[in-house]
file protein18.cif (mmCIF, C-alpha atoms)
data_data
loop_
_atom_site.label_atom_id
_atom_site.label_comp_id
_atom_site.auth_asym_id
_atom_site.auth_seq_id
_atom_site.Cartn_x
_atom_site.Cartn_y
_atom_site.Cartn_z
CA MET A 4 206.77 -28.75 -17.10
CA LYS A 5 205.08 -30.33 -14.04
CA ARG A 6 207.19 -28.10 -11.81
CA ILE A 7 206.10 -24.97 -13.71
CA TRP A 8 202.39 -25.87 -13.39
CA SER A 9 202.84 -26.54 -9.68
CA VAL A 10 204.30 -23.07 -9.21
CA VAL A 11 201.45 -21.47 -11.20
CA LEU A 12 198.82 -23.37 -9.19
CA LEU A 13 200.40 -22.40 -5.86
CA ALA A 14 200.57 -18.74 -6.91
CA GLY A 15 196.89 -18.81 -7.90
CA MET A 16 195.88 -20.31 -4.57
CA MET A 17 197.85 -17.66 -2.69
CA ALA A 18 196.23 -14.91 -4.75
CA CYS A 19 192.76 -16.26 -3.99
CA LYS A 20 193.55 -16.43 -0.28
CA SER A 21 194.89 -12.89 -0.34
CA THR A 22 191.79 -11.62 -2.13
CA GLN A 23 189.47 -13.38 0.34
CA THR A 24 191.33 -11.96 3.32
CA THR A 25 191.25 -8.44 1.91
CA THR A 26 187.58 -8.68 1.05
CA SER A 27 186.72 -9.98 4.51
CA HIS A 28 188.74 -7.24 6.19
CA THR A 29 187.19 -4.56 3.99
CA ALA A 30 183.67 -5.80 4.70
CA ALA A 31 184.32 -5.68 8.44
CA GLY A 32 185.81 -2.21 8.14
CA ASN A 33 182.72 -0.96 6.31
CA THR A 34 180.34 -2.18 9.02
CA THR A 35 179.10 0.75 11.11
CA LEU A 36 177.43 0.43 14.49
CA THR A 37 176.77 4.14 14.82
CA PRO A 38 174.84 5.95 13.58
CA GLN A 39 173.46 3.62 10.89
CA GLY A 40 173.11 0.67 13.25
CA ALA A 41 170.15 2.34 14.95
CA ALA A 42 168.07 1.71 11.81
CA TRP A 43 168.47 -2.06 12.28
CA ALA A 44 167.36 -1.75 15.91
CA ALA A 45 164.41 0.44 14.88
CA LEU A 46 163.41 -2.12 12.24
CA TRP A 47 163.22 -4.76 14.96
CA GLN A 48 161.19 -2.44 17.17
CA GLN A 49 158.76 -1.55 14.38
CA GLN A 50 158.27 -4.92 12.73
CA SER A 51 159.02 -7.82 15.08
CA GLY A 52 156.41 -9.69 17.02
CA GLU A 53 159.07 -10.36 19.62
CA TYR A 54 159.30 -6.66 20.49
CA LYS A 55 155.54 -6.44 20.92
CA ALA A 56 155.53 -9.61 23.02
CA LEU A 57 158.22 -8.27 25.34
CA CYS A 58 156.34 -5.02 25.88
CA LEU A 59 153.05 -6.82 26.51
CA GLN A 60 154.80 -9.19 28.88
CA ALA A 61 156.22 -6.24 30.84
CA TYR A 62 152.90 -4.44 31.17
CA GLN A 63 150.89 -7.57 31.96
CA LEU A 64 153.38 -8.42 34.69
CA ALA A 65 153.01 -4.85 35.95
CA ALA A 66 149.22 -5.21 36.20
CA TRP A 67 149.64 -8.39 38.23
CA ARG A 68 152.13 -6.69 40.55
CA LEU A 69 149.90 -3.64 40.91
CA ASP A 70 147.01 -5.81 42.06
CA GLN A 71 149.26 -7.24 44.75
CA TYR A 72 150.26 -3.77 45.93
CA LEU A 73 146.65 -2.61 45.96
CA ALA A 74 145.77 -5.46 48.27
CA THR A 75 148.39 -4.38 50.82
CA LYS A 76 148.51 -0.59 50.45
CA GLY A 77 149.59 1.53 53.40
CA ASP A 78 148.89 5.06 54.59
CA LYS A 79 150.07 7.01 51.53
CA PRO A 80 148.16 7.01 48.23
CA LEU A 81 149.77 4.86 45.56
CA ALA A 82 151.58 6.09 42.45
CA VAL A 83 153.48 4.65 39.52
CA VAL A 84 156.32 6.51 37.84
CA THR A 85 157.14 6.10 34.19
CA ASP A 86 159.62 7.36 31.65
CA ILE A 87 158.12 8.47 28.33
CA ASP A 88 160.38 7.78 25.36
CA GLU A 89 160.54 4.09 24.39
CA THR A 90 158.51 3.34 27.53
CA VAL A 91 155.10 4.76 26.66
CA LEU A 92 155.83 6.53 23.34
CA ASP A 93 157.61 4.95 20.36
CA ASN A 94 160.17 7.26 18.73
CA SER A 95 161.65 4.72 16.33
CA PRO A 96 160.75 6.86 13.26
CA TYR A 97 163.19 9.49 14.56
CA SER A 98 165.98 6.92 14.88
CA VAL A 99 165.27 5.70 11.35
CA HIS A 100 165.28 9.23 9.93
CA GLN A 101 168.62 10.08 11.53
CA ALA A 102 170.30 6.78 10.73
CA LEU A 103 169.33 6.83 7.06
CA ASN A 104 170.80 10.33 6.88
CA HIS A 105 174.03 9.04 8.48
CA LYS A 106 173.44 11.08 11.62
CA GLY A 107 172.99 10.37 15.30
CA TYR A 108 170.90 12.21 17.84
CA ASP A 109 170.99 15.99 17.92
CA GLU A 110 168.74 18.35 19.82
CA LYS A 111 167.55 20.36 16.81
CA THR A 112 166.19 17.40 14.87
CA TRP A 113 164.82 15.78 18.03
CA LEU A 114 162.81 18.91 18.80
CA GLU A 115 161.54 18.92 15.22
CA TRP A 116 160.35 15.34 15.73
CA THR A 117 158.66 15.86 19.11
CA ALA A 118 156.96 19.02 17.83
CA LYS A 119 154.92 16.78 15.54
CA ALA A 120 153.41 14.96 18.56
CA ALA A 121 153.28 11.99 16.19
CA ALA A 122 154.85 9.22 18.28
CA ASP A 123 152.81 6.02 18.48
CA THR A 124 152.42 4.07 21.72
CA VAL A 125 154.53 1.24 23.11
CA PRO A 126 152.40 -1.94 23.08
CA GLY A 127 150.57 -2.47 26.35
CA ALA A 128 151.29 0.99 27.76
CA PRO A 129 147.89 2.68 27.26
CA THR A 130 146.02 -0.32 28.64
CA PHE A 131 148.15 -0.57 31.77
CA PHE A 132 148.16 3.11 32.72
CA LYS A 133 144.43 3.43 32.15
CA TYR A 134 144.00 0.39 34.39
CA ALA A 135 146.19 1.93 37.09
CA ALA A 136 144.19 5.16 36.95
CA SER A 137 140.92 3.21 37.20
CA LYS A 138 142.20 1.81 40.50
CA GLY A 139 142.91 5.27 41.87
CA VAL A 140 146.67 5.03 41.31
CA GLN A 141 148.33 8.28 40.24
CA VAL A 142 150.60 8.22 37.18
CA PHE A 143 153.67 10.48 37.05
CA TYR A 144 155.69 10.95 33.87
CA ILE A 145 159.36 11.65 34.66
CA THR A 146 161.21 12.40 31.44
CA ASN A 147 164.36 14.13 30.30
CA ARG A 148 162.48 16.02 27.64
CA LEU A 149 162.95 19.77 27.98
CA GLU A 150 160.54 22.37 29.34
CA SER A 151 160.18 23.68 25.79
CA GLU A 152 158.64 20.30 24.88
CA ARG A 153 155.95 20.39 27.56
CA ALA A 154 153.01 21.36 25.37
CA VAL A 155 153.81 18.92 22.54
CA THR A 156 154.55 16.11 24.99
CA LEU A 157 151.19 16.56 26.69
CA ALA A 158 149.53 16.73 23.28
CA ASN A 159 151.11 13.43 22.27
CA LEU A 160 150.10 11.73 25.53
CA ARG A 161 146.55 13.09 25.31
CA LYS A 162 146.30 11.98 21.69
CA HIS A 163 146.47 8.41 22.99
CA ASN A 164 144.31 9.12 26.05
CA PHE A 165 147.00 8.50 28.65
CA PRO A 166 145.71 9.35 32.14
CA TYR A 167 147.09 12.20 34.24
CA ALA A 168 148.52 13.90 31.16
CA ASP A 169 148.70 17.30 32.83
CA ASP A 170 151.28 19.75 34.12
CA GLN A 171 151.19 18.41 37.66
CA HIS A 172 152.07 14.87 36.61
CA LEU A 173 154.64 15.69 33.92
CA LEU A 174 158.08 16.23 35.46
CA LEU A 175 160.53 17.40 32.82
CA LYS A 176 164.30 17.84 32.90
CA THR A 177 165.39 21.04 34.61
CA THR A 178 169.02 21.30 35.74
CA THR A 179 170.12 17.67 35.62
CA SER A 180 169.33 14.51 33.68
CA GLY A 181 169.37 12.53 36.93
CA LYS A 182 165.80 11.62 37.87
CA GLU A 183 166.26 10.93 41.57
CA PRO A 184 165.26 14.45 42.76
CA ARG A 185 162.02 14.17 40.79
CA ARG A 186 161.31 10.71 42.18
CA GLN A 187 161.86 12.08 45.66
CA GLN A 188 159.42 14.87 44.86
CA VAL A 189 156.71 12.31 44.13
CA LEU A 190 157.64 10.28 47.22
CA GLN A 191 156.83 13.22 49.46
CA GLN A 192 153.13 12.56 48.95
CA TYR A 193 152.86 9.11 47.36
CA ASP A 194 154.08 5.58 47.76
CA ILE A 195 155.73 4.66 44.44
CA VAL A 196 154.95 0.99 43.90
CA LEU A 197 156.20 0.57 40.32
CA LEU A 198 158.71 2.32 38.08
CA PHE A 199 158.82 1.91 34.29
CA GLY A 200 161.66 2.68 31.90
CA ASP A 201 163.93 1.59 29.09
CA ASN A 202 167.06 2.91 30.81
CA LEU A 203 168.41 1.75 34.17
CA SER A 204 168.60 5.35 35.36
CA ASP A 205 164.81 5.42 35.19
CA PHE A 206 164.83 3.27 38.33
CA SER A 207 167.63 4.36 40.64
CA ASN A 208 170.54 6.77 40.84
CA ILE A 209 172.91 3.84 41.46
CA PHE A 210 172.96 3.50 37.65
CA ASP A 211 173.52 7.19 36.82
CA LYS A 212 176.48 7.88 34.52
CA LYS A 213 178.42 4.79 35.58
CA PRO A 214 180.92 2.89 33.38
CA TYR A 215 179.34 -0.09 31.69
CA GLU A 216 181.08 -2.60 33.99
CA GLU A 217 179.61 -0.88 37.06
CA ARG A 218 176.17 -0.61 35.47
CA ASN A 219 176.16 -4.31 34.67
CA ALA A 220 177.29 -5.23 38.17
CA ALA A 221 174.66 -2.95 39.71
CA ALA A 222 171.96 -4.53 37.54
CA LEU A 223 172.87 -7.99 38.80
CA LYS A 224 172.92 -6.74 42.39
CA ALA A 225 169.46 -5.21 41.96
CA ALA A 226 168.04 -8.45 40.51
CA PRO A 227 165.21 -8.83 43.09
CA ASN A 228 163.69 -5.51 41.96
CA PHE A 229 163.29 -6.43 38.27
CA GLY A 230 159.77 -7.66 37.64
CA SER A 231 158.89 -6.74 41.21
CA LYS A 232 159.22 -2.95 41.37
CA TYR A 233 161.24 -2.17 38.23
CA ILE A 234 159.54 -2.85 34.88
CA VAL A 235 162.02 -2.64 31.98
CA LEU A 236 161.01 -2.01 28.35
CA PRO A 237 163.33 -3.02 25.48
CA ASN A 238 165.27 -0.33 23.61
CA PRO A 239 168.33 -1.34 21.55
CA MET A 240 168.34 1.95 19.59
CA TYR A 241 169.93 4.26 22.16
CA GLY A 242 170.43 4.87 25.87
CA ASP A 243 173.00 5.01 28.64
CA TRP A 244 174.05 1.46 27.77
CA GLU A 245 175.59 2.95 24.63
CA GLY A 246 176.99 6.11 26.24
CA ALA A 247 178.63 4.04 28.97
CA LEU A 248 180.70 2.23 26.35
CA TYR A 249 182.54 5.45 25.45
CA ASN A 250 182.36 6.97 28.96
CA PHE A 251 179.56 9.36 27.98
CA GLN A 252 181.87 11.38 25.75
CA TYR A 253 179.02 12.44 23.49
CA LYS A 254 181.16 14.99 21.65
CA LEU A 255 183.23 12.24 20.04
CA THR A 256 182.73 11.89 16.30
CA GLU A 257 180.51 9.10 15.03
CA GLN A 258 183.63 7.40 13.68
CA GLN A 259 185.29 7.51 17.09
CA LYS A 260 182.19 6.14 18.79
CA ASP A 261 181.93 3.43 16.16
CA SER A 262 185.54 2.38 16.73
CA ILE A 263 185.07 2.15 20.49
CA MET A 264 181.82 0.21 20.16
CA LYS A 265 183.43 -2.29 17.79
CA SER A 266 186.22 -2.81 20.30
CA LYS A 267 183.61 -3.95 22.86
CA LEU A 268 182.19 -6.67 20.60
CA ARG A 269 182.98 -10.30 21.40
CA ASN A 270 183.98 -12.28 18.33
CA TYR A 271 185.50 -15.66 17.68
#
call {"tool": "encode", "arguments": {"input": "protein18.cif", "output": "structure tokens"}}
result
Amino acid sequence: MKRIWSVVLLAGMMACKSTQTTTSHTAAGNTTLTPQGAAWAALWQQQSGEYKALCLQAYQLAAWRLDQYLATKGDKPLAVVTDIDETVLDNSPYSVHQALNHKGYDEKTWLEWTAKAAADTVPGAPTFFKYAASKGVQVFYITNRLESERAVTLANLRKHNFPYADDQHLLLKTTTSGKEPRRQQVLQQYDIVLLFGDNLSDFSNIFDKKPYEERNAAALKAAPNFGSKYIVLPNPMYGDWEGALYNFQYKLTEQQKDSIMKSKLRNY
């Protein structure tokens, strides 16, 4: 009889272990990083004090650096160059909308969002750029928004009283997403003392469309520029950091992207 009960007990323990393993595996398999994961990142951006603190830290550091540049300016007039999305305007509602509908970015819905000119500001951005303008520093907005978004983009910037929100200072995407030609355009007349962005390609073409290992290595190599000339704003929702993980193959299905992204996670 004791032997029978021992067998029953062992079988029960094995069944429990099997059930736990299956449940754990199933839970992991149901976890999606894209597109639903963007909602978690957007929640942090919308609700955390830490996000606001990081943005304020970036722009307050920028003001301190600008004062230093103003004290030693050369022959050319000074300018600052900034990205728009997730650098001066907050598009987290778009990420939430898409994620909750189990969708990623697509041009049609993005254009529907920007047409509303409803994006709020990134903390610290209006104060800094108004300060720069008050010191006679020109502000150029270099963005990969399309020409068709010009009017609504200017409307959104003007809604929050950003300085230099005009056609001359808004440089949109034309033939390429690379921003270096547009930076060079500004450099013809101005000394760019600070660049702002949420994506490394907002600062230099050494980061453009590079595999994630090369981007990370380039970031470490460019360390002296961060906080000095490059001012980085946080954006965990989207960007080249994500595209680099699957070699910028944006036509992959969300399931394929999700699988690749999971393979890059470090676990224990």
call {"tool": "closest_atom_pairs", "arguments": {"input": "protein18.cif", "of": "range 130-180 of chain A", "to": "range 98-115 of chain A", "cutoff": "12 Å", "atoms": "all atoms listed in the file", "output": "CSV"}}
result
residue,atom,partner,partner_atom,distance
A:Arg148,CA,A:Leu114,CA,9.3
A:Leu149,CA,A:Leu114,CA,9.2
A:Glu150,CA,A:Leu114,CA,11.3
A:Ser151,CA,A:Leu114,CA,8.9
A:Glu152,CA,A:Leu114,CA,7.5
A:Arg153,CA,A:Leu114,CA,11.2
A:Val155,CA,A:Leu114,CA,9.7
A:Thr156,CA,A:Leu114,CA,10.7
call {"tool": "atom_distance", "arguments": {"input": "protein18.cif", "atom1": "CA of Lys162 in chain A", "atom2": "CA of Gln50 in chain A"}}
result
22.6 Å
call {"tool": "resolve_selection", "arguments": {"input": "protein18.cif", "expression": "the PyMOL selection byres ((chain A and resi 192-207) around 8)", "output": "JSON, numbers by chain"}}
result
{"A": [65, 69, 72, 79, 80, 81, 82, 83, 84, 85, 86, 87, 89, 90, 181, 182, 183, 188, 189, 190, 191, 208, 209, 210, 211, 222, 231, 232, 233, 234, 235, 236, 237, 238, 242, 243, 244]}
call {"tool": "resolve_selection", "arguments": {"input": "protein18.cif", "expression": "the PyMOL selection byres ((chain A and resi 94) around 10)", "output": "PyMOL selection string"}}
result
chain A and resi 45+48-49+87-93+95-99+113+116-117+121-125+240
call {"tool": "closest_residue", "arguments": {"input": "protein18.cif", "among": "A:Ala154, A:Lys267, A:Asp169, A:Leu73", "to": "Ser137 in chain A", "atoms": "only C-alpha atoms"}}
result
A:Leu73
call {"tool": "residues_around", "arguments": {"input": "protein18.cif", "residues": "Phe131 in chain A", "least_positions_apart": "3", "cutoff": "7 Å", "atoms": "only C-alpha atoms", "output": "JSON, numbers by chain"}}
result
{"A": [62, 66, 127, 128, 134, 135]}
